[in-house]
Every structure is written in C-alpha cells, then in structure tokens.
$ cat run.pdb   # PDB, C-alpha atoms and all ligand atoms
MODEL        1
ATOM      1  CA  MET A  17      -1.867  14.403  12.963  1.00  0.00           C
ATOM      2  CA  GLU A  18      -4.868  15.260  10.840  1.00  0.00           C
ATOM      3  CA  SER A  19      -4.805  14.034   7.247  1.00  0.00           C
ATOM      4  CA  THR A  20      -6.077  16.396   4.646  1.00  0.00           C
ATOM      5  CA  GLY A  21      -6.531  15.650   0.984  1.00  0.00           C
ATOM      6  CA  PRO A  22      -9.160  14.310  -1.382  1.00  0.00           C
ATOM      7  CA  ASP A  23     -12.639  13.342  -0.230  1.00  0.00           C
ATOM      8  CA  TRP A  24     -12.199   9.569  -0.396  1.00  0.00           C
ATOM      9  CA  GLU A  25     -15.714   8.869   0.877  1.00  0.00           C
ATOM     10  CA  GLN A  26     -17.097  10.782  -2.074  1.00  0.00           C
ATOM     11  CA  TYR A  27     -15.076   8.697  -4.530  1.00  0.00           C
ATOM     12  CA  TYR A  28     -16.621   5.504  -3.147  1.00  0.00           C
ATOM     13  CA  ARG A  29     -20.127   7.036  -2.848  1.00  0.00           C
ATOM     14  CA  SER A  30     -20.076   8.065  -6.498  1.00  0.00           C
ATOM     15  CA  GLY A  31     -18.493   4.811  -7.638  1.00  0.00           C
ATOM     16  CA  GLU A  32     -15.705   6.848  -9.221  1.00  0.00           C
ATOM     17  CA  THR A  33     -12.717   4.688  -8.212  1.00  0.00           C
ATOM     18  CA  PRO A  34     -10.508   4.630 -11.321  1.00  0.00           C
ATOM     19  CA  TRP A  35      -7.495   3.273  -9.422  1.00  0.00           C
ATOM     20  CA  ASP A  36      -9.313   0.026  -8.651  1.00  0.00           C
ATOM     21  CA  LEU A  37      -8.081  -2.741 -10.957  1.00  0.00           C
ATOM     22  CA  ARG A  38     -10.997  -5.008  -9.907  1.00  0.00           C
ATOM     23  CA  GLY A  39      -8.665  -7.791  -8.984  1.00  0.00           C
ATOM     24  CA  VAL A  40      -5.242  -8.596  -7.601  1.00  0.00           C
ATOM     25  CA  THR A  41      -2.513  -6.235  -8.820  1.00  0.00           C
ATOM     26  CA  PRO A  42      -0.835  -8.127 -11.689  1.00  0.00           C
ATOM     27  CA  PRO A  43       2.775  -7.246 -10.723  1.00  0.00           C
ATOM     28  CA  LEU A  44       2.111  -8.492  -7.172  1.00  0.00           C
ATOM     29  CA  GLN A  45       0.813 -11.773  -8.534  1.00  0.00           C
ATOM     30  CA  ALA A  46       3.768 -12.022 -10.930  1.00  0.00           C
ATOM     31  CA  LEU A  47       6.219 -11.409  -8.097  1.00  0.00           C
ATOM     32  CA  ALA A  48       4.578 -13.944  -5.785  1.00  0.00           C
ATOM     33  CA  GLU A  49       4.328 -16.587  -8.499  1.00  0.00           C
ATOM     34  CA  ALA A  50       8.024 -16.173  -9.283  1.00  0.00           C
ATOM     35  CA  GLY A  51       8.837 -16.752  -5.614  1.00  0.00           C
ATOM     36  CA  GLY A  52       9.977 -13.157  -5.279  1.00  0.00           C
ATOM     37  CA  LEU A  53       8.270 -12.474  -1.949  1.00  0.00           C
ATOM     38  CA  ALA A  54       9.690 -15.436  -0.050  1.00  0.00           C
ATOM     39  CA  ALA A  55      13.095 -14.927  -1.696  1.00  0.00           C
ATOM     40  CA  ARG A  56      13.214 -11.462  -0.123  1.00  0.00           C
ATOM     41  CA  GLY A  57      12.385 -12.703   3.349  1.00  0.00           C
ATOM     42  CA  LEU A  58       8.649 -12.020   3.096  1.00  0.00           C
ATOM     43  CA  THR A  59       7.633 -15.521   4.036  1.00  0.00           C
ATOM     44  CA  PRO A  60       4.095 -16.857   4.490  1.00  0.00           C
ATOM     45  CA  GLY A  61       3.013 -16.613   8.095  1.00  0.00           C
ATOM     46  CA  SER A  62       4.568 -13.187   8.516  1.00  0.00           C
ATOM     47  CA  ALA A  63       2.409 -10.224   9.514  1.00  0.00           C
ATOM     48  CA  VAL A  64       1.792  -7.643   6.814  1.00  0.00           C
ATOM     49  CA  ALA A  65       0.143  -4.220   7.051  1.00  0.00           C
ATOM     50  CA  VAL A  66      -1.605  -2.871   3.957  1.00  0.00           C
ATOM     51  CA  PRO A  67      -2.257   0.876   4.260  1.00  0.00           C
ATOM     52  CA  GLY A  68      -5.003   2.367   2.094  1.00  0.00           C
ATOM     53  CA  CYS A  69      -6.124  -1.125   1.106  1.00  0.00           C
ATOM     54  CA  GLY A  70      -9.276   0.079  -0.674  1.00  0.00           C
ATOM     55  CA  ARG A  71     -11.568  -2.794  -1.649  1.00  0.00           C
ATOM     56  CA  GLY A  72      -8.907  -5.244  -0.543  1.00  0.00           C
ATOM     57  CA  HIS A  73      -8.007  -7.199  -3.677  1.00  0.00           C
ATOM     58  CA  ASP A  74      -4.327  -7.441  -2.748  1.00  0.00           C
ATOM     59  CA  LEU A  75      -5.157  -7.991   0.911  1.00  0.00           C
ATOM     60  CA  ARG A  76      -7.304 -10.976  -0.057  1.00  0.00           C
ATOM     61  CA  TYR A  77      -4.560 -12.345  -2.304  1.00  0.00           C
ATOM     62  CA  LEU A  78      -1.874 -12.049   0.368  1.00  0.00           C
ATOM     63  CA  ALA A  79      -4.195 -13.669   2.918  1.00  0.00           C
ATOM     64  CA  GLN A  80      -4.722 -16.613   0.589  1.00  0.00           C
ATOM     65  CA  LEU A  81      -0.969 -16.955   0.190  1.00  0.00           C
ATOM     66  CA  GLY A  82      -0.773 -17.485   3.941  1.00  0.00           C
ATOM     67  CA  TYR A  83       0.242 -14.031   5.194  1.00  0.00           C
ATOM     68  CA  ARG A  84      -1.349 -12.593   8.334  1.00  0.00           C
ATOM     69  CA  VAL A  85      -2.891  -9.491   6.828  1.00  0.00           C
ATOM     70  CA  THR A  86      -4.179  -6.270   8.339  1.00  0.00           C
ATOM     71  CA  GLY A  87      -5.642  -3.675   5.997  1.00  0.00           C
ATOM     72  CA  PHE A  88      -6.278  -0.052   6.846  1.00  0.00           C
ATOM     73  CA  ASP A  89      -8.620   2.338   5.106  1.00  0.00           C
ATOM     74  CA  LEU A  90     -10.333   5.583   6.034  1.00  0.00           C
ATOM     75  CA  VAL A  91     -13.579   4.877   4.233  1.00  0.00           C
ATOM     76  CA  PRO A  92     -16.165   2.589   5.860  1.00  0.00           C
ATOM     77  CA  ALA A  93     -17.572   1.455   2.483  1.00  0.00           C
ATOM     78  CA  ALA A  94     -14.104   0.325   1.347  1.00  0.00           C
ATOM     79  CA  VAL A  95     -13.488  -1.449   4.637  1.00  0.00           C
ATOM     80  CA  GLU A  96     -16.810  -3.269   4.378  1.00  0.00           C
ATOM     81  CA  GLU A  97     -16.035  -4.400   0.848  1.00  0.00           C
ATOM     82  CA  ALA A  98     -12.571  -5.579   1.823  1.00  0.00           C
ATOM     83  CA  ARG A  99     -14.007  -7.548   4.747  1.00  0.00           C
ATOM     84  CA  ARG A 100     -16.631  -9.050   2.456  1.00  0.00           C
ATOM     85  CA  LEU A 101     -13.997 -10.045  -0.093  1.00  0.00           C
ATOM     86  CA  LEU A 102     -11.975 -11.823   2.593  1.00  0.00           C
ATOM     87  CA  ALA A 103     -15.094 -13.629   3.837  1.00  0.00           C
ATOM     88  CA  LEU A 104     -16.215 -14.624   0.339  1.00  0.00           C
ATOM     89  CA  ASN A 105     -12.832 -16.215  -0.245  1.00  0.00           C
ATOM     90  CA  ARG A 106     -12.720 -17.778   3.205  1.00  0.00           C
ATOM     91  CA  ALA A 107      -9.513 -15.865   3.779  1.00  0.00           C
ATOM     92  CA  GLU A 108      -8.480 -14.705   7.223  1.00  0.00           C
ATOM     93  CA  GLY A 109      -7.529 -11.130   7.911  1.00  0.00           C
ATOM     94  CA  GLU A 110      -8.356  -7.930   9.661  1.00  0.00           C
ATOM     95  CA  VAL A 111      -9.480  -4.664   8.079  1.00  0.00           C
ATOM     96  CA  LEU A 112      -9.414  -1.587  10.285  1.00  0.00           C
ATOM     97  CA  CYS A 113     -11.314   1.589   9.509  1.00  0.00           C
ATOM     98  CA  ARG A 114      -8.606   4.010  10.542  1.00  0.00           C
ATOM     99  CA  ASP A 115      -6.656   7.017   9.373  1.00  0.00           C
ATOM    100  CA  PHE A 116      -3.338   5.298   8.764  1.00  0.00           C
ATOM    101  CA  LEU A 117      -1.465   8.500   9.493  1.00  0.00           C
ATOM    102  CA  GLY A 118      -3.190   8.798  12.847  1.00  0.00           C
ATOM    103  CA  LEU A 119      -2.167   5.370  14.114  1.00  0.00           C
ATOM    104  CA  GLY A 120      -0.640   5.545  17.525  1.00  0.00           C
ATOM    105  CA  GLU A 121       1.598   3.405  19.602  1.00  0.00           C
ATOM    106  CA  GLU A 122      -0.943   0.590  20.002  1.00  0.00           C
ATOM    107  CA  LEU A 123       0.298  -1.198  16.885  1.00  0.00           C
ATOM    108  CA  ALA A 124       3.974  -0.321  17.228  1.00  0.00           C
ATOM    109  CA  GLY A 125       6.334  -3.069  16.096  1.00  0.00           C
ATOM    110  CA  ARG A 126       3.438  -5.436  15.311  1.00  0.00           C
ATOM    111  CA  PHE A 127       4.278  -6.080  11.645  1.00  0.00           C
ATOM    112  CA  ASP A 128       7.062  -7.880   9.791  1.00  0.00           C
ATOM    113  CA  TRP A 129       6.398  -5.936   6.623  1.00  0.00           C
ATOM    114  CA  ALA A 130       4.076  -3.492   4.928  1.00  0.00           C
ATOM    115  CA  TYR A 131       2.858  -3.535   1.349  1.00  0.00           C
ATOM    116  CA  GLU A 132       1.771  -0.373  -0.366  1.00  0.00           C
ATOM    117  CA  TYR A 133       0.317   0.251  -3.803  1.00  0.00           C
ATOM    118  CA  THR A 134      -1.294   3.535  -4.865  1.00  0.00           C
ATOM    119  CA  PHE A 135      -1.503   4.737  -1.282  1.00  0.00           C
ATOM    120  CA  PHE A 136       1.721   6.745  -1.125  1.00  0.00           C
ATOM    121  CA  CYS A 137       0.815   8.511  -4.376  1.00  0.00           C
ATOM    122  CA  ALA A 138      -2.686   9.210  -3.064  1.00  0.00           C
ATOM    123  CA  LEU A 139      -1.332  11.265  -0.171  1.00  0.00           C
ATOM    124  CA  PRO A 140      -0.738  14.970  -0.651  1.00  0.00           C
ATOM    125  CA  PRO A 141       3.067  15.235  -0.797  1.00  0.00           C
ATOM    126  CA  HIS A 142       3.316  17.184   2.475  1.00  0.00           C
ATOM    127  CA  LEU A 143       2.049  14.039   4.282  1.00  0.00           C
ATOM    128  CA  ARG A 144       4.704  11.703   2.886  1.00  0.00           C
ATOM    129  CA  GLY A 145       7.052  12.189   5.832  1.00  0.00           C
ATOM    130  CA  GLU A 146       4.231  11.196   8.151  1.00  0.00           C
ATOM    131  CA  PHE A 147       3.619   8.063   6.085  1.00  0.00           C
ATOM    132  CA  ALA A 148       7.288   7.104   6.506  1.00  0.00           C
ATOM    133  CA  ARG A 149       7.234   7.768  10.248  1.00  0.00           C
ATOM    134  CA  VAL A 150       4.029   5.810  10.913  1.00  0.00           C
ATOM    135  CA  THR A 151       5.009   2.878   8.674  1.00  0.00           C
ATOM    136  CA  ALA A 152       8.395   2.602  10.362  1.00  0.00           C
ATOM    137  CA  ALA A 153       6.723   2.662  13.785  1.00  0.00           C
ATOM    138  CA  LEU A 154       4.421  -0.243  12.845  1.00  0.00           C
ATOM    139  CA  LEU A 155       7.310  -2.422  11.701  1.00  0.00           C
ATOM    140  CA  ARG A 156       9.617  -4.414  13.856  1.00  0.00           C
ATOM    141  CA  PRO A 157      13.268  -3.345  13.551  1.00  0.00           C
ATOM    142  CA  GLY A 158      14.620  -4.929  10.371  1.00  0.00           C
ATOM    143  CA  GLY A 159      11.088  -5.206   8.916  1.00  0.00           C
ATOM    144  CA  TYR A 160      10.362  -4.247   5.330  1.00  0.00           C
ATOM    145  CA  LEU A 161       8.250  -1.848   3.339  1.00  0.00           C
ATOM    146  CA  LEU A 162       7.531  -3.386  -0.056  1.00  0.00           C
ATOM    147  CA  ALA A 163       6.229  -0.647  -2.328  1.00  0.00           C
ATOM    148  CA  LEU A 164       5.017  -0.904  -5.880  1.00  0.00           C
ATOM    149  CA  THR A 165       5.630   2.752  -6.534  1.00  0.00           C
ATOM    150  CA  PHE A 166       3.458   4.564  -9.037  1.00  0.00           C
ATOM    151  CA  PRO A 167       3.402   6.993 -10.875  1.00  0.00           C
ATOM    152  CA  LEU A 168       7.062   7.570 -11.617  1.00  0.00           C
ATOM    153  CA  THR A 169       6.336   9.564 -14.761  1.00  0.00           C
ATOM    154  CA  ALA A 170       4.559  12.899 -15.056  1.00  0.00           C
ATOM    155  CA  ALA A 171       2.452  11.492 -17.890  1.00  0.00           C
ATOM    156  CA  ALA A 172       0.899   8.920 -15.551  1.00  0.00           C
ATOM    157  CA  ALA A 173       0.275  11.404 -12.716  1.00  0.00           C
ATOM    158  CA  ALA A 174      -2.658  13.805 -12.439  1.00  0.00           C
ATOM    159  CA  PRO A 175      -1.550  17.450 -12.739  1.00  0.00           C
ATOM    160  CA  SER A 176      -2.856  18.340  -9.274  1.00  0.00           C
ATOM    161  CA  GLY A 177      -3.095  14.742  -7.966  1.00  0.00           C
ATOM    162  CA  PRO A 178      -4.051  12.180  -6.915  1.00  0.00           C
ATOM    163  CA  PRO A 179      -2.130  10.311  -8.072  1.00  0.00           C
ATOM    164  CA  TYR A 180       0.721  12.664  -7.245  1.00  0.00           C
ATOM    165  CA  LEU A 181       3.943  12.217  -9.178  1.00  0.00           C
ATOM    166  CA  VAL A 182       6.596  10.282  -7.209  1.00  0.00           C
ATOM    167  CA  ARG A 183      10.196  10.925  -8.198  1.00  0.00           C
ATOM    168  CA  GLU A 184      12.921   8.560  -7.108  1.00  0.00           C
ATOM    169  CA  GLU A 185      14.776  11.394  -5.395  1.00  0.00           C
ATOM    170  CA  ASP A 186      11.610  12.268  -3.414  1.00  0.00           C
ATOM    171  CA  LEU A 187      11.445   8.694  -2.201  1.00  0.00           C
ATOM    172  CA  GLN A 188      15.000   8.847  -0.947  1.00  0.00           C
ATOM    173  CA  VAL A 189      14.395  12.122   0.860  1.00  0.00           C
ATOM    174  CA  THR A 190      11.134  10.924   2.397  1.00  0.00           C
ATOM    175  CA  LEU A 191      12.025   7.399   3.435  1.00  0.00           C
ATOM    176  CA  ALA A 192      15.750   7.539   4.153  1.00  0.00           C
ATOM    177  CA  ARG A 193      15.222   8.884   7.674  1.00  0.00           C
ATOM    178  CA  HIS A 194      13.759   5.548   8.753  1.00  0.00           C
ATOM    179  CA  PHE A 195      14.596   3.062   5.994  1.00  0.00           C
ATOM    180  CA  THR A 196      17.481   1.796   3.891  1.00  0.00           C
ATOM    181  CA  LEU A 197      16.823   0.841   0.288  1.00  0.00           C
ATOM    182  CA  ALA A 198      17.388  -2.926   0.086  1.00  0.00           C
ATOM    183  CA  ALA A 199      16.343  -3.523  -3.532  1.00  0.00           C
ATOM    184  CA  SER A 200      14.674  -1.951  -6.518  1.00  0.00           C
ATOM    185  CA  PHE A 201      13.486  -3.964  -9.487  1.00  0.00           C
ATOM    186  CA  GLU A 202      11.161  -3.894 -12.445  1.00  0.00           C
ATOM    187  CA  ALA A 203       7.456  -4.536 -12.163  1.00  0.00           C
ATOM    188  CA  GLU A 204       6.202  -7.265 -14.455  1.00  0.00           C
ATOM    189  CA  ARG A 205       2.722  -7.558 -15.995  1.00  0.00           C
ATOM    190  CA  SER A 206       1.724  -3.978 -15.163  1.00  0.00           C
ATOM    191  CA  ALA A 207      -1.770  -2.942 -16.189  1.00  0.00           C
ATOM    192  CA  PRO A 208      -1.359  -1.398 -19.662  1.00  0.00           C
ATOM    193  CA  ARG A 209      -2.030   2.167 -18.537  1.00  0.00           C
ATOM    194  CA  ARG A 210       0.568   1.876 -15.773  1.00  0.00           C
ATOM    195  CA  ALA A 211       3.281   0.068 -17.721  1.00  0.00           C
ATOM    196  CA  GLY A 212       6.622   1.857 -17.536  1.00  0.00           C
ATOM    197  CA  ALA A 213       5.385   4.124 -14.735  1.00  0.00           C
ATOM    198  CA  GLU A 214       5.785   1.793 -11.763  1.00  0.00           C
ATOM    199  CA  ARG A 215       8.599  -0.090 -10.101  1.00  0.00           C
ATOM    200  CA  TRP A 216       9.211  -2.208  -7.004  1.00  0.00           C
ATOM    201  CA  TYR A 217      11.167  -0.798  -4.068  1.00  0.00           C
ATOM    202  CA  LEU A 218      12.033  -2.789  -0.971  1.00  0.00           C
ATOM    203  CA  TRP A 219      12.947  -0.646   2.029  1.00  0.00           C
ATOM    204  CA  GLN A 220      14.306  -2.039   5.250  1.00  0.00           C
ATOM    205  CA  ARG A 221      13.489  -0.393   8.536  1.00  0.00           C
ATOM    206  CA  ARG A 222      16.579   0.519  10.489  1.00  0.00           C
TER     207      ARG A 222
HETATM  208  C1  LIG B   1      -5.889   5.286  -4.668  1.00  0.00           C
HETATM  209  S1  LIG B   1      -6.755   4.309  -3.510  1.00  0.00           S
HETATM  210  C2  LIG B   1      -5.823   2.774  -3.537  1.00  0.00           C
HETATM  211  C3  LIG B   1      -6.577   1.608  -2.994  1.00  0.00           C
HETATM  212  C4  LIG B   1      -5.832   0.272  -3.117  1.00  0.00           C
HETATM  213  N1  LIG B   1      -4.504   0.331  -2.565  1.00  0.00           N
HETATM  214  C5  LIG B   1      -5.779  -0.154  -4.560  1.00  0.00           C
HETATM  215  O1  LIG B   1      -4.673  -0.191  -5.137  1.00  0.00           O
HETATM  216  O2  LIG B   1      -6.853  -0.470  -5.114  1.00  0.00           O
HETATM  217  C6  LIG B   1      -6.208   5.040  -1.984  1.00  0.00           C
HETATM  218  C7  LIG B   1      -6.947   4.450  -0.784  1.00  0.00           C
HETATM  219  O3  LIG B   1      -6.388   5.007   0.392  1.00  0.00           O
HETATM  220  C8  LIG B   1      -7.440   5.358   1.290  1.00  0.00           C
HETATM  221  N2  LIG B   1      -6.896   6.426   2.137  1.00  0.00           N
HETATM  222  C9  LIG B   1      -6.555   7.679   1.783  1.00  0.00           C
HETATM  223  N3  LIG B   1      -6.018   8.349   2.810  1.00  0.00           N
HETATM  224  C10 LIG B   1      -5.997   7.469   3.856  1.00  0.00           C
HETATM  225  C11 LIG B   1      -5.541   7.534   5.198  1.00  0.00           C
HETATM  226  N4  LIG B   1      -4.993   8.644   5.696  1.00  0.00           N
HETATM  227  N5  LIG B   1      -5.652   6.435   5.979  1.00  0.00           N
HETATM  228  C12 LIG B   1      -6.201   5.285   5.502  1.00  0.00           C
HETATM  229  N6  LIG B   1      -6.664   5.165   4.234  1.00  0.00           N
HETATM  230  C13 LIG B   1      -6.556   6.232   3.420  1.00  0.00           C
HETATM  231  C14 LIG B   1      -8.589   5.755   0.399  1.00  0.00           C
HETATM  232  O4  LIG B   1      -9.832   5.658   1.039  1.00  0.00           O
HETATM  233  C15 LIG B   1      -8.437   4.769  -0.759  1.00  0.00           C
HETATM  234  O5  LIG B   1      -9.155   3.589  -0.524  1.00  0.00           O
ENDMDL
END
$ encode --input "run.pdb" --output "structure tokens"
Amino acid sequence: MESTGPDWEQYYRSGETPWDLRGVTPPLQALAEAGGLAARGLTPGSAVAVPGCGRGHDLRYLAQLGYRVTGFDLVPAAVEEARRLLALNRAEGEVLCRDFLGLGEELAGRFDWAYEYTFFCALPPHLRGEFARVTAALLRPGGYLLALTFPLTAAAAAPSGPPYLVREEDLQVTLARHFTLAASFEAERSAPRRAGAERWYLWQRR
C-alpha cells in the first residue's frame, strides 16, 4: 500500500527536524534504567523493530543495551545517520531504508517486539490501521508493541499534523484488531515540551 503524507525527505534536506531530541528519548532511558523493559518481558537479546527510527538515537541505545535492533526509515539521509551513529558507538544493528507500511511477508514473525516513538503520530490518521496490521505481521505471536504515545493532548499536536493528535479511544479502535492492551503507565523524564502529553502503552500481539 502506498504511504502518503508529509515530505520527509524535505524535512531532512532542510534540517528542519523539530521532533529530533538529539539523543536517547529520556523516558526510554528512565524505563530501561528502572528495569522496566526486562520486567515486562523485553529482555536483552530479543529482536526489536523500530519503525520510523529517524537518526537512530533510540535504536543506538537499545543496541547498546544488548537488543538485536532493526530500524526502518523512508529517508536515505536518516538511514545513513542512524547507521553512522551505530558504527560510532560500536553498536550492532541493521537499518533498512524502507516504507514500513509497505513491508511484505519477508520479515513476518521475525521480531519479539517493536518500539515506536513519534512514528504513529507522524502517519496521517487514515494509515494507522495499516501500521497496526504491518506491525502485528512482523511480530511473533505473543510479541509486544511498546509505544511511547505522543501527543495525547490537542495542545501538543499540530492543527493539521504531524504530529497528529492521538486519543486513547483511537488507539483502542486502531490496535485492538491485532493487539490486546497489556499495560499502560506514566512516562518519566519527558522532554519539557512533551511532559503530560505522552504515555507508555504495551500491546501484546494476539
Ligand atoms: C517524527 S519522525 C520520528 C523519528 C524518530 N522516531 C524520533 O523520535 O526521533 C518520523 C520518522 O518516520 C519516518 N517515516 C515516515 N513515514 C514512514 C514510513 N512509511 N516508513 C518508514 N519511515 C517513515 C520519517 O522519515 C521520520 O524519520
């Protein structure tokens, strides 16, 4: 299925990438440091897919924690930077220049979990169902989607996106066909401009 939406190449070409926190996402680091990944069954050594990984800060961090990471991004410049970041940190991982929504059967069932941050909200809402379908297909049965979901408030969303507002009821409608909500909990150490507008959701593939 063809993805439509913003011109992501243009964002990178112009250097206008306001979503990029220039380092690991603080709530992800807080969760990992508190043992909250392993405690939820996301143990080092497991295979994690990171859709829309951008410059790869979180990918690099997860790789250094011992996860087998595969990032996906549409934009060659982002993919190159993510690969460079892994190499600079001597971290192992794969970054594929692919339309995540166009992934076929070749990767079906390959991953134990997926981690998403500011990818779901970057997709035009009519593509959310496709995101759920493709993510579920990549995961083994019983695998997890760990999502740091943003923006949950209209004030933090852009009026015509991205980021598109994500309401909890939209999440249920979109993901419940393939996933069961296993947990939802507060994000700690959010970047100041995102504080109060993001939350963790752990979905289990049926
Ligand atoms: C808002 S950015 C988030 C990047 C990264 N997750 C972060 O938090 O820094 C969204 C990313 O998704 C990528 N993207 C958008 N649509 C995509 C698609 N269909 N397949 C793969 N990547 C996509 C963009 O190129 C961009 O790097």
$ closest_atom_pairs --input "run.pdb" --of "chain A" --to "ligand LIG 1 (chain B)" --cutoff "7 Å" --atoms "only C-alpha atoms and all ligand atoms" --output "JSON lines"
{"residue": "A:Ser19", "atom": "CA", "partner": "B:LIG1", "partner_atom": "N4", "distance": 5.6}
{"residue": "A:Trp24", "atom": "CA", "partner": "B:LIG1", "partner_atom": "O4", "distance": 4.8}
{"residue": "A:Glu25", "atom": "CA", "partner": "B:LIG1", "partner_atom": "O4", "distance": 6.7}
{"residue": "A:Trp35", "atom": "CA", "partner": "B:LIG1", "partner_atom": "C1", "distance": 5.4}
{"residue": "A:Asp36", "atom": "CA", "partner": "B:LIG1", "partner_atom": "O2", "distance": 4.3}
{"residue": "A:Leu37", "atom": "CA", "partner": "B:LIG1", "partner_atom": "O2", "distance": 6.4}
{"residue": "A:Pro67", "atom": "CA", "partner": "B:LIG1", "partner_atom": "C12", "distance": 6.0}
{"residue": "A:Gly68", "atom": "CA", "partner": "B:LIG1", "partner_atom": "O3", "distance": 3.4}
{"residue": "A:Cys69", "atom": "CA", "partner": "B:LIG1", "partner_atom": "N1", "distance": 4.3}
{"residue": "A:Gly70", "atom": "CA", "partner": "B:LIG1", "partner_atom": "O5", "distance": 3.5}
{"residue": "A:Arg71", "atom": "CA", "partner": "B:LIG1", "partner_atom": "O2", "distance": 6.3}
{"residue": "A:Gly72", "atom": "CA", "partner": "B:LIG1", "partner_atom": "C4", "distance": 6.8}
{"residue": "A:His73", "atom": "CA", "partner": "B:LIG1", "partner_atom": "O2", "distance": 7.0}
{"residue": "A:Phe88", "atom": "CA", "partner": "B:LIG1", "partner_atom": "C12", "distance": 5.5}
{"residue": "A:Asp89", "atom": "CA", "partner": "B:LIG1", "partner_atom": "N6", "distance": 3.5}
{"residue": "A:Leu90", "atom": "CA", "partner": "B:LIG1", "partner_atom": "N6", "distance": 4.1}
{"residue": "A:Val91", "atom": "CA", "partner": "B:LIG1", "partner_atom": "O4", "distance": 5.0}
{"residue": "A:Ala94", "atom": "CA", "partner": "B:LIG1", "partner_atom": "O5", "distance": 6.2}
{"residue": "A:Arg114", "atom": "CA", "partner": "B:LIG1", "partner_atom": "C12", "distance": 5.7}
{"residue": "A:Asp115", "atom": "CA", "partner": "B:LIG1", "partner_atom": "N5", "distance": 3.6}
{"residue": "A:Phe116", "atom": "CA", "partner": "B:LIG1", "partner_atom": "N5", "distance": 3.8}
{"residue": "A:Leu117", "atom": "CA", "partner": "B:LIG1", "partner_atom": "N4", "distance": 5.2}
{"residue": "A:Glu132", "atom": "CA", "partner": "B:LIG1", "partner_atom": "N1", "distance": 6.7}
{"residue": "A:Tyr133", "atom": "CA", "partner": "B:LIG1", "partner_atom": "N1", "distance": 5.0}
{"residue": "A:Thr134", "atom": "CA", "partner": "B:LIG1", "partner_atom": "C2", "distance": 4.8}
{"residue": "A:Phe135", "atom": "CA", "partner": "B:LIG1", "partner_atom": "C6", "distance": 4.8}
{"residue": "A:Ala138", "atom": "CA", "partner": "B:LIG1", "partner_atom": "C1", "distance": 5.3}
{"residue": "A:Leu139", "atom": "CA", "partner": "B:LIG1", "partner_atom": "N3", "distance": 6.3}
$ atom_distance --input "run.pdb" --atom1 "atom CA of A:Asp128" --atom2 "atom CA of A:Gly52"
16.2 Å
$ closest_residue --input "run.pdb" --among "A:Glu32, A:Asp23, A:Glu49, A:Glu110" --to "A:Arg76" --atoms "all atoms listed in the file"
A:Glu110
$ atom_distance --input "run.pdb" --atom1 "atom CA of A:Gly39" --atom2 "atom CA of A:Thr86"
18.0 Å
$ residues_around --input "run.pdb" --residues "A:Gly145" --least-positions-apart "2" --cutoff "12 Å" --atoms "all atoms listed in the file" --output "JSON list (two decimals) with C-alpha atoms, in the frame of the given file"
[["chain", "number", "residue", "atom", "x", "y", "z"],
["A", 17, "MET", "CA", -1.87, 14.40, 12.96],
["A", 117, "LEU", "CA", -1.46, 8.50, 9.49],
["A", 136, "PHE", "CA", 1.72, 6.74, -1.12],
["A", 139, "LEU", "CA", -1.33, 11.26, -0.17],
["A", 140, "PRO", "CA", -0.74, 14.97, -0.65],
["A", 141, "PRO", "CA", 3.07, 15.24, -0.80],
["A", 142, "HIS", "CA", 3.32, 17.18, 2.48],
["A", 143, "LEU", "CA", 2.05, 14.04, 4.28],
["A", 147, "PHE", "CA", 3.62, 8.06, 6.08],
["A", 148, "ALA", "CA", 7.29, 7.10, 6.51],
["A", 149, "ARG", "CA", 7.23, 7.77, 10.25],
["A", 150, "VAL", "CA", 4.03, 5.81, 10.91],
["A", 151, "THR", "CA", 5.01, 2.88, 8.67],
["A", 152, "ALA", "CA", 8.40, 2.60, 10.36],
["A", 186, "ASP", "CA", 11.61, 12.27, -3.41],
["A", 187, "LEU", "CA", 11.44, 8.69, -2.20],
["A", 188, "GLN", "CA", 15.00, 8.85, -0.95],
["A", 189, "VAL", "CA", 14.40, 12.12, 0.86],
["A", 190, "THR", "CA", 11.13, 10.92, 2.40],
["A", 191, "LEU", "CA", 12.02, 7.40, 3.44],
["A", 192, "ALA", "CA", 15.75, 7.54, 4.15],
["A", 193, "ARG", "CA", 15.22, 8.88, 7.67],
["A", 194, "HIS", "CA", 13.76, 5.55, 8.75],
["A", 195, "PHE", "CA", 14.60, 3.06, 5.99]]
$ resolve_selection --input "run.pdb" --expression "the PyMOL selection byres (((chain A and resi 44) around 10) and not hetatm)" --output "ChimeraX atom specification"
/A:40-43,45-50,52-53,74,77-78,131,133,164,203-206,216
$ write_last_selection --input "run.pdb" --atoms "C-alpha atoms" --output "PDB file, keeping the file's coordinate frame"
ATOM      1  CA  VAL A  40      -5.242  -8.596  -7.601  1.00  0.00           C
ATOM      2  CA  THR A  41      -2.513  -6.235  -8.820  1.00  0.00           C
ATOM      3  CA  PRO A  42      -0.835  -8.127 -11.689  1.00  0.00           C
ATOM      4  CA  PRO A  43       2.775  -7.246 -10.723  1.00  0.00           C
ATOM      5  CA  GLN A  45       0.813 -11.773  -8.534  1.00  0.00           C
ATOM      6  CA  ALA A  46       3.768 -12.022 -10.930  1.00  0.00           C
ATOM      7  CA  LEU A  47       6.219 -11.409  -8.097  1.00  0.00           C
ATOM      8  CA  ALA A  48       4.578 -13.944  -5.785  1.00  0.00           C
ATOM      9  CA  GLU A  49       4.328 -16.587  -8.499  1.00  0.00           C
ATOM     10  CA  ALA A  50       8.024 -16.173  -9.283  1.00  0.00           C
ATOM     11  CA  GLY A  52       9.977 -13.157  -5.279  1.00  0.00           C
ATOM     12  CA  LEU A  53       8.270 -12.474  -1.949  1.00  0.00           C
ATOM     13  CA  ASP A  74      -4.327  -7.441  -2.748  1.00  0.00           C
ATOM     14  CA  TYR A  77      -4.560 -12.345  -2.304  1.00  0.00           C
ATOM     15  CA  LEU A  78      -1.874 -12.049   0.368  1.00  0.00           C
ATOM     16  CA  TYR A 131       2.858  -3.535   1.349  1.00  0.00           C
ATOM     17  CA  TYR A 133       0.317   0.251  -3.803  1.00  0.00           C
ATOM     18  CA  LEU A 164       5.017  -0.904  -5.880  1.00  0.00           C
ATOM     19  CA  ALA A 203       7.456  -4.536 -12.163  1.00  0.00           C
ATOM     20  CA  GLU A 204       6.202  -7.265 -14.455  1.00  0.00           C
ATOM     21  CA  ARG A 205       2.722  -7.558 -15.995  1.00  0.00           C
ATOM     22  CA  SER A 206       1.724  -3.978 -15.163  1.00  0.00           C
ATOM     23  CA  TRP A 216       9.211  -2.208  -7.004  1.00  0.00           C
TER      24      TRP A 216
END
$ atom_distance --input "run.pdb" --atom1 "atom CA of A:Ala63" --atom2 "atom CA of A:Ala93"
24.2 Å
$ resolve_selection --input "run.pdb" --expression "the PyMOL selection byres (((chain A and resi 215) around 9) and not hetatm)" --output "list in words"
Ala163, Leu164, Thr165, Phe166, Pro167, Leu168, Ser200, Phe201, Glu202, Ala203, Glu204, Gly212, Ala213, Glu214, Trp216 and Tyr217 of chain A
$ residues_around --input "run.pdb" --residues "A:Gly125" --least-positions-apart "6" --cutoff "10 Å" --atoms "only C-alpha atoms" --output "list in words"
Thr151, Ala152, Ala153, Leu154, Leu155, Arg156, Pro157 and Gly159 of chain A
$ residues_near_point --input "run.pdb" --point "(12.0, -12.4, 5.1)" --cutoff "10 Å" --atoms "only C-alpha atoms" --output "JSON, numbers by chain"
{"A": [53, 54, 55, 56, 57, 58, 59, 60, 62, 128, 129, 158, 159, 160]}
